[in-house]
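Notes follow the structure.
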Amino acid sequence: MSTAVEVSMFERMLVPLDGSPQAESVLYQAHRLLCGRKGEVVLFHAKDESDASLNPGAVDKYLKGVESRLSPFGARVRRILGTGPFESALAETIRSEKISMVALSSHGRLTASATPVAGAVEKIVRGCEVPVLVTRAFQHDAEGGLVPSKCEPSTIRRILVPMDGSSACEAVMPAARDLALLLNAMVVLLHVSPDYREGSDFVGSRVSGRPTGPMPGKEASSADRLQFAAKTFSAAGVETMTLVLGGDPVKTILEFARPSAVDLIAMTTRGRTGLAQRLIGSVAQKVLKETLLPTLLVRASDAQCSV
């Protein structure tokens, strides 16, 4: 599998930082995305006028310090100091700087460890037009408690992509493919089927080859769409596996998505009503809150949601 081809998602990555160790955990977990590539890393801090904790000079000095830690590893870094409320300043920077991806931590300076995900992160995921990678500031210790994530680059070998047989859910495929190619990772396509018999062994298989026909239409079965998606990944040079499991979508995804099985979850964050909305609406939101795995989230377009 070749990883030499540069992909557009990583051309200009924005990393929001607030000066806290929690927010900086993204620098370690997304190390391979940020360093040693041709893409540009934009370090971002929003200075709210009501916040007197840091002056602009101190913020710039802080961002320069982060840049000095990334540059020796081949990162091309720029620094941007925004003003005003964090969410609006970030949205404006994404538009004006033509950001292709946002990478940020699940927690920041003001977010307690017991809070699953910072409220600002949820707002960014809901409104962002570009892919968002959420890394995790905390992990479980041997007793099941929460401790700060390790300050070391993470290894992503398997990417879980939940699918429900809709074109909206398939919107995450290009981003998951690009990430798998960059990291030389396997993609595991998971379909949670209402027809799956409780108590039976899971149905799983490796997939190879290329699609033999056009993309299935909206009337195609979930099995046909899953197989086509798997062969699309395979044709791009990604090692691919499909799984069919039963049960509640959130519970099934979270039970399967353990560090021993996969290292990252990639999902779509918006969909139409009905079955697609069940998976990529409330389910994606719950998975984002409850998992401790890095999560890549991609917003489906209106056109994809209507097919």
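The chains in the structure tokens are called A, B, ... from first to last as shown; in each chain the residues are counted from 1, and the ligands are counted from 1 in the order shown.
Excluding range 96-112 of chain A itself and any same-chain residue fewer than 4 positions from it, the protein and nucleic acid residues within 6 Å of it, counting only C-alpha atoms, are Met9, Arg12, Met13, Leu14, Val15, Pro16, Ser20, Gln22, Ala23, Val26, Val117, Ala118, Val130, Pro131, Val132, Leu133, Val134, Thr135, Arg136 and Ala137 of chain A.
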Backbone DSSP call of strand (DSSP E or B) for range 129-197 of chain A, listed as a ChimeraX atom specification: /A:132-135,138-140,146-148,158-163,186-192
Kindly save the residues from that selection, with C-alpha atoms included, as a short mmCIF file (atom, residue, chain, number, x, y, z; two decimals), in the first residue's frame.
```
data_model
loop_
_atom_site.label_atom_id
_atom_site.label_comp_id
_atom_site.auth_asym_id
_atom_site.auth_seq_id
_atom_site.Cartn_x
_atom_site.Cartn_y
_atom_site.Cartn_z
CA VAL A 132 -12.99 17.38 12.27
CA LEU A 133 -10.62 15.06 14.14
CA VAL A 134 -11.32 14.93 17.88
CA THR A 135 -8.52 13.38 19.93
CA PHE A 138 -8.13 11.50 28.94
CA GLN A 139 -7.96 7.71 28.96
CA HIS A 140 -8.87 4.92 31.38
CA LEU A 146 -9.72 8.78 33.98
CA VAL A 147 -6.12 9.95 33.66
CA PRO A 148 -4.47 12.36 31.19
CA ARG A 158 -7.46 0.12 12.29
CA ILE A 159 -10.17 2.66 11.45
CA LEU A 160 -13.81 1.80 12.21
CA VAL A 161 -16.37 3.23 9.75
CA PRO A 162 -20.00 2.57 10.84
CA MET A 163 -22.40 2.48 7.87
CA MET A 186 -6.96 -1.00 7.76
CA VAL A 187 -10.58 0.15 7.37
CA VAL A 188 -13.26 -1.89 9.15
CA LEU A 189 -16.74 -1.19 7.76
CA LEU A 190 -19.40 -1.96 10.38
CA HIS A 191 -23.06 -2.36 9.49
CA VAL A 192 -25.49 -2.69 12.41
#
```
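Across A:Cys151, A:Ile94, A:Cys35, A:Leu292, the tightest approach to Ser71 in chain A is made by A:Cys35 when counting only C-alpha atoms.
The set of residues in range 155-230 of chain A assigned to alpha helix (DSSP H) by DSSP, using only backbone atoms of this structure, is Met173, Pro174, Ala175, Ala176, Arg177, Asp178, Leu179, Ala180, Leu181, Leu182, Leu183, Ser222, Ala223, Asp224, Arg225, Leu226, Gln227, Phe228, Ala229 and Ala230 of chain A.
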File of the preceding selection, N, CA and C atoms, as a PDB file, in the first residue's frame:
```pdb
ATOM      1  N   MET A 173     -16.561   8.424   3.627  1.00  0.00           N
ATOM      2  CA  MET A 173     -15.637   7.504   2.964  1.00  0.00           C
ATOM      3  C   MET A 173     -14.376   8.169   2.408  1.00  0.00           C
ATOM      4  N   PRO A 174     -14.458   9.293   1.674  1.00  0.00           N
ATOM      5  CA  PRO A 174     -13.223   9.895   1.150  1.00  0.00           C
ATOM      6  C   PRO A 174     -12.237  10.281   2.249  1.00  0.00           C
ATOM      7  N   ALA A 175     -12.744  10.848   3.342  1.00  0.00           N
ATOM      8  CA  ALA A 175     -11.853  11.239   4.434  1.00  0.00           C
ATOM      9  C   ALA A 175     -11.248  10.015   5.111  1.00  0.00           C
ATOM     10  N   ALA A 176     -12.056   8.971   5.332  1.00  0.00           N
ATOM     11  CA  ALA A 176     -11.535   7.743   5.942  1.00  0.00           C
ATOM     12  C   ALA A 176     -10.505   7.085   5.038  1.00  0.00           C
ATOM     13  N   ARG A 177     -10.749   7.101   3.720  1.00  0.00           N
ATOM     14  CA  ARG A 177      -9.779   6.549   2.766  1.00  0.00           C
ATOM     15  C   ARG A 177      -8.462   7.307   2.831  1.00  0.00           C
ATOM     16  N   ASP A 178      -8.529   8.647   2.807  1.00  0.00           N
ATOM     17  CA  ASP A 178      -7.314   9.450   2.827  1.00  0.00           C
ATOM     18  C   ASP A 178      -6.518   9.228   4.108  1.00  0.00           C
ATOM     19  N   LEU A 179      -7.224   9.125   5.227  1.00  0.00           N
ATOM     20  CA  LEU A 179      -6.551   8.893   6.497  1.00  0.00           C
ATOM     21  C   LEU A 179      -5.912   7.513   6.520  1.00  0.00           C
ATOM     22  N   ALA A 180      -6.616   6.502   6.012  1.00  0.00           N
ATOM     23  CA  ALA A 180      -6.075   5.138   5.979  1.00  0.00           C
ATOM     24  C   ALA A 180      -4.832   5.068   5.103  1.00  0.00           C
ATOM     25  N   LEU A 181      -4.853   5.757   3.958  1.00  0.00           N
ATOM     26  CA  LEU A 181      -3.688   5.757   3.076  1.00  0.00           C
ATOM     27  C   LEU A 181      -2.498   6.438   3.731  1.00  0.00           C
ATOM     28  N   LEU A 182      -2.743   7.553   4.405  1.00  0.00           N
ATOM     29  CA  LEU A 182      -1.660   8.285   5.059  1.00  0.00           C
ATOM     30  C   LEU A 182      -1.029   7.466   6.177  1.00  0.00           C
ATOM     31  N   LEU A 183      -1.870   6.748   6.940  1.00  0.00           N
ATOM     32  CA  LEU A 183      -1.392   6.025   8.119  1.00  0.00           C
ATOM     33  C   LEU A 183      -1.128   4.551   7.857  1.00  0.00           C
ATOM     34  N   SER A 222     -28.743  -2.832   1.799  1.00  0.00           N
ATOM     35  CA  SER A 222     -27.609  -2.415   2.625  1.00  0.00           C
ATOM     36  C   SER A 222     -26.394  -3.286   2.361  1.00  0.00           C
ATOM     37  N   ALA A 223     -26.629  -4.578   2.098  1.00  0.00           N
ATOM     38  CA  ALA A 223     -25.518  -5.487   1.820  1.00  0.00           C
ATOM     39  C   ALA A 223     -24.797  -5.098   0.544  1.00  0.00           C
ATOM     40  N   ASP A 224     -25.563  -4.721  -0.490  1.00  0.00           N
ATOM     41  CA  ASP A 224     -24.942  -4.316  -1.748  1.00  0.00           C
ATOM     42  C   ASP A 224     -24.146  -3.027  -1.581  1.00  0.00           C
ATOM     43  N   ARG A 225     -24.695  -2.079  -0.824  1.00  0.00           N
ATOM     44  CA  ARG A 225     -23.997  -0.811  -0.616  1.00  0.00           C
ATOM     45  C   ARG A 225     -22.743  -1.018   0.230  1.00  0.00           C
ATOM     46  N   LEU A 226     -22.833  -1.903   1.216  1.00  0.00           N
ATOM     47  CA  LEU A 226     -21.672  -2.193   2.056  1.00  0.00           C
ATOM     48  C   LEU A 226     -20.561  -2.825   1.228  1.00  0.00           C
ATOM     49  N   GLN A 227     -20.915  -3.765   0.353  1.00  0.00           N
ATOM     50  CA  GLN A 227     -19.923  -4.432  -0.476  1.00  0.00           C
ATOM     51  C   GLN A 227     -19.290  -3.450  -1.464  1.00  0.00           C
ATOM     52  N   PHE A 228     -20.113  -2.579  -2.044  1.00  0.00           N
ATOM     53  CA  PHE A 228     -19.574  -1.587  -2.971  1.00  0.00           C
ATOM     54  C   PHE A 228     -18.615  -0.642  -2.252  1.00  0.00           C
ATOM     55  N   ALA A 229     -18.995  -0.200  -1.049  1.00  0.00           N
ATOM     56  CA  ALA A 229     -18.125   0.677  -0.270  1.00  0.00           C
ATOM     57  C   ALA A 229     -16.802  -0.013   0.048  1.00  0.00           C
ATOM     58  N   ALA A 230     -16.879  -1.276   0.447  1.00  0.00           N
ATOM     59  CA  ALA A 230     -15.664  -2.015   0.785  1.00  0.00           C
ATOM     60  C   ALA A 230     -14.731  -2.134  -0.421  1.00  0.00           C
TER      61      ALA A 230
END
```
Within 9 Å of range 153-156 of chain A: each range 205-285 of chain A residue with its shortest pair, only C-alpha atoms, as CSV:
```
residue,atom,partner,partner_atom,distance
A:Val262,CA,A:Ile156,CA,8.0
A:Asp263,CA,A:Ile156,CA,5.2
A:Leu264,CA,A:Ile156,CA,6.8
```
Coordinates-based distance that separates CA of Thr268 in chain A from CA of Ala171 in chain A (Å, one decimal): 6.3 Å
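You will find CA of Gln285 in chain A at 11.2 Å from CA of Pro116 in chain A.
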